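Below: the structure, in C-alpha cells.
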Amino acid sequence: MSMVSDVRPKVLLFGAGSVGTVYLWLLSKVAHTTAVCRSNYDVAQKDGFIINSSIFGQGIHFRPEIVRDCEEAAAKAGETSFDYIVVCSKAIPGIVPHLIAPAVTPGKTAIVLIQNGVGIEQEYNDAFGSNPIISTVVYLPATQRPAGVIKHGEVEKLQIGAYPTSTNSEPSKAFSALVQAAGGTAEFCDDIQPKRWFKLLVNASWNPICALSLSKDTAVLEACGEATAVLFAVMMEIRDIADAYGYTIKKEEVEFQLGRAQARIPIKAGIEPSMLQDVQAGRRIEVEAIVGNAVRMGKSKGVRCDRLEVLYVLAKALDLHLGRQ
C-alpha cells in the first residue's frame, strides 16, 4: 500500500510570548510546529499553554513540541530543514540572528519577523543574505500572565511583505496563505514599510509613555489636561519622520490612532502596551527598535523630533536600569 507523504511545512517559532503562542497555536493546524521556549520552558513542558481569546474561544489548551534553543531544534529536525522560522521575540538588536542561526538552512528557510519597530530587518538580511526575509506588522493585543496562560483581546491581524521590498514576493505570499489557511487574518502588502510607520504612531508614543508612567493608555490620557495634546504632538513627530522617507500619513490617520485610546476611556478598557508589560515583569524593553531607530532616522533627515528624543533618552535609561537589575 502506498504511503502519502505529509507535505505540511515545518515551522520553528522563536519566542513563545503572548503573541507568539497565539500564532503557534494557529500554525499548528496547518504545519509541523516547534517552539523555542526560554523563560516559560518549564511551565510549557509540564502543562502546555492555555489561550483565552475573545476571537478564537476560551480555555484553548494545547501542548506543542518545545525545545530550549535552536541547536536542540536543529538536532531534532535532523536532515529536514525548517521552511519558516517565525521570530516573535523582543526586537533587541544584535542578539536574535546569532541565536536562530543553527536552525537556518541557507537559501531555503524563510525568516518571518513578527516584531515591532522600524529599521529592524537589515541585521537579518546581513546575517542570512540568501534567505527570504518576511517582514510583518502585527495587531494582536495579548498578555501572558501567569506563564503559560495567554489572554487575547479583540483583534488578530498580520500585514505581511518582503524585505527588501524589491525582492521576490512569493515567500511572503505563501506565508500569508498559510496563516489564512490556519484561520488567521493575513494581508499581503507590496510594500510593508508604510504599514510599519503607521503602527509606529502607536508604538513609539504609547509604549515609552506607558512604561515610564507605569500606566495604561487611558490612565495617561486621564492624568491631566495636557496629556492628549502631548500624545498627539509625539505622533505628529513620527508622522513627519515617515514623510521624510516617502511614507505619507495623513493628519486624520494620526487622529484616528489617538482616538482608539480615547474611545476606551468610557468603557474602562485601557491597554497595557508591551513595554509596560516588560517593565512590570522586570524585562528589557524594545527601546531601540521602537524609539531609537525612529529618532536616528529623523535626525539624519533634519526632522525635529524633540519630544520623541526625550522619550528615547528616558526609555533608554530605564532599559539599562532593567538590564543592571
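Chain labels run A, B, ... following the order of the C-alpha cells; each chain numbers its residues from 1, and ligands are numbered from 1 in the order shown.
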
Leaving out Ala186 (chain A) and any residue of its chain fewer than 3 positions from it, which residues lie within 9 Å of it when counting only C-alpha atoms, given as a list of chain:residue names?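 Neighbouring residues, sequence-local ones excluded: A:Glu156, A:Lys157, A:Leu158, A:Gln159, A:Ile160, A:Phe175, A:Ser176, A:Ala177, A:Leu178, A:Val179, A:Gln180.
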
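Non-sequential neighbours of region 206-218 of chain A (distance at most 9 Å, separation of 6 or more positions within a chain, only C-alpha atoms) are A:Leu231, A:Ala261, A:Gln262, A:Ala263, A:Arg264, A:Ile265, A:Lys268, A:Ala269, A:Gly270, A:Ile271, A:Glu272, A:Pro273, A:Ser274, A:Met275, A:Leu276, A:Gln277, A:Asp278, A:Val279, A:Gln280, A:Val287, A:Ile290, A:Val291, A:Leu311, A:Tyr312, A:Leu314, A:Ala315, A:Leu318.
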
Just the helix (DSSP H, G or I) stuff from region 72-106 of chain A, please, per backbone DSSP, written as an MDAnalysis selection string. chainID A and resid 72:77 96:103

Give me, as an MDAnalysis selection string, all polymer residues having an atom no more than 8 Å from region 93-95 of chain A, counting only C-alpha atoms and skipping those fewer than 5 positions away in the same chain. chainID A and resid 120 123 288:289

Taking all heavy atoms for each residue, export the selection above as a PDB file, in the first residue's frame.
```pdb
ATOM      1  N   ILE A 120      14.360  47.257  11.591  1.00  0.00           N
ATOM      2  CA  ILE A 120      14.790  46.059  12.322  1.00  0.00           C
ATOM      3  C   ILE A 120      15.249  44.932  11.401  1.00  0.00           C
ATOM      4  O   ILE A 120      15.887  43.978  11.850  1.00  0.00           O
ATOM      5  CB  ILE A 120      13.668  45.513  13.221  1.00  0.00           C
ATOM      6  CG1 ILE A 120      12.504  44.990  12.372  1.00  0.00           C
ATOM      7  CG2 ILE A 120      13.184  46.587  14.199  1.00  0.00           C
ATOM      8  CD1 ILE A 120      11.543  44.111  13.123  1.00  0.00           C
ATOM      9  N   GLU A 123      19.595  43.640   9.923  1.00  0.00           N
ATOM     10  CA  GLU A 123      20.562  42.726  10.551  1.00  0.00           C
ATOM     11  C   GLU A 123      20.276  41.272  10.161  1.00  0.00           C
ATOM     12  O   GLU A 123      21.204  40.458  10.095  1.00  0.00           O
ATOM     13  CB  GLU A 123      20.591  42.885  12.066  1.00  0.00           C
ATOM     14  CG  GLU A 123      19.336  42.502  12.807  1.00  0.00           C
ATOM     15  CD  GLU A 123      19.538  42.518  14.327  1.00  0.00           C
ATOM     16  OE1 GLU A 123      20.673  42.341  14.792  1.00  0.00           O
ATOM     17  OE2 GLU A 123      18.536  42.721  15.051  1.00  0.00           O
ATOM     18  N   GLU A 288      15.313  50.519  21.245  1.00  0.00           N
ATOM     19  CA  GLU A 288      15.994  50.906  20.009  1.00  0.00           C
ATOM     20  C   GLU A 288      15.090  50.692  18.799  1.00  0.00           C
ATOM     21  O   GLU A 288      14.978  51.572  17.931  1.00  0.00           O
ATOM     22  CB  GLU A 288      17.294  50.123  19.837  1.00  0.00           C
ATOM     23  CG  GLU A 288      18.316  50.370  20.937  1.00  0.00           C
ATOM     24  CD  GLU A 288      18.792  51.819  20.997  1.00  0.00           C
ATOM     25  OE1 GLU A 288      18.525  52.596  20.064  1.00  0.00           O
ATOM     26  OE2 GLU A 288      19.434  52.174  22.008  1.00  0.00           O
ATOM     27  N   ALA A 289      14.451  49.536  18.712  1.00  0.00           N
ATOM     28  CA  ALA A 289      13.617  49.222  17.558  1.00  0.00           C
ATOM     29  C   ALA A 289      12.423  50.159  17.438  1.00  0.00           C
ATOM     30  O   ALA A 289      12.053  50.574  16.337  1.00  0.00           O
ATOM     31  CB  ALA A 289      13.131  47.772  17.644  1.00  0.00           C
TER      32      ALA A 289
END
```

When you look at region 89-92 of chain A with a cut-off of 7 Å (counting only C-alpha atoms), what residues show up, excluding the ones that are within fewer than 4 positions of it in the same chain? I need them as a ChimeraX atom specification. /A:14-15,115-116,286,289

Neighbour list for Lys250 (chain A) as an NGL selection string, cut-off 12 Å, only C-alpha atoms, skip fewer than 2 positions in-chain: :A and (194 or 197-198 or 201 or 235-236 or 238-240 or 242-243 or 247-248 or 252-257)

Keeping only C-alpha atoms, write the selected residues to a file as a CSV table (one decimal), in the first residue's frame.
```
chain,number,residue,atom,x,y,z
A,194,PRO,CA,4.3,52.3,5.3
A,197,TRP,CA,5.3,53.5,10.2
A,198,PHE,CA,1.6,53.7,10.6
A,201,LEU,CA,2.4,56.1,15.6
A,235,MET,CA,2.5,61.1,17.0
A,236,MET,CA,2.9,64.1,14.6
A,238,ILE,CA,6.6,60.3,14.0
A,239,ARG,CA,4.4,61.2,11.0
A,240,ASP,CA,6.9,63.8,10.0
A,242,ALA,CA,7.8,58.9,8.0
A,243,ASP,CA,7.1,61.6,5.5
A,247,TYR,CA,5.7,57.4,3.6
A,248,THR,CA,2.7,59.7,3.8
A,252,GLU,CA,-6.7,62.3,10.1
A,253,GLU,CA,-4.9,59.0,10.4
A,254,VAL,CA,-2.9,60.3,13.4
A,255,GLU,CA,-6.2,61.5,14.9
A,256,PHE,CA,-7.7,58.0,14.3
A,257,GLN,CA,-4.8,56.3,16.1
```

DSSP on the backbone: what in region 91-186 of chain A comes out strand (DSSP E), as a list in words?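 Those residues are Ala110, Ile111, Val112, Leu113, Ile133, Ile134, Ser135, Thr136, Val137, Val138, Tyr139, Ala142, Thr143, Gln144, Val149, Ile150, Lys151, His152, Lys157, Leu158, Gln159, Ile160, Gly161, Ala162, Tyr163 and Ala186 of chain A.
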
Can you work out the spacing between CA of Gly129 (chain A) and CA of Lys195 (chain A) in Å, to one decimal? 23.6 Å

One decimal, in Å: what's the spacing between CA of Val7 (chain A) and CA of Ser28 (chain A)? 13.7 Å

Residue among A:Met297, A:Thr136, A:Gly161, A:Thr34 lying closest to Val67 (chain A), counting only C-alpha atoms: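 Closest residue, counting only C-alpha atoms: A:Thr34.
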
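A straight line drawn from CA of Gln58 (chain A) to CA of Pro266 (chain A) is 25.5 Å long.
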
Residue among A:Asp306, A:Glu154, A:Glu71, A:Asp83 lying closest to Pro102 (chain A), counting only C-alpha atoms: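 Among the listed residues, the smallest separation from Pro102 (chain A) belongs to A:Glu71.
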
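Closest to Val234 (chain A) among A:Ile100, A:Cys88, A:Ile267, A:Ala294 is A:Ala294, based on only C-alpha atoms.
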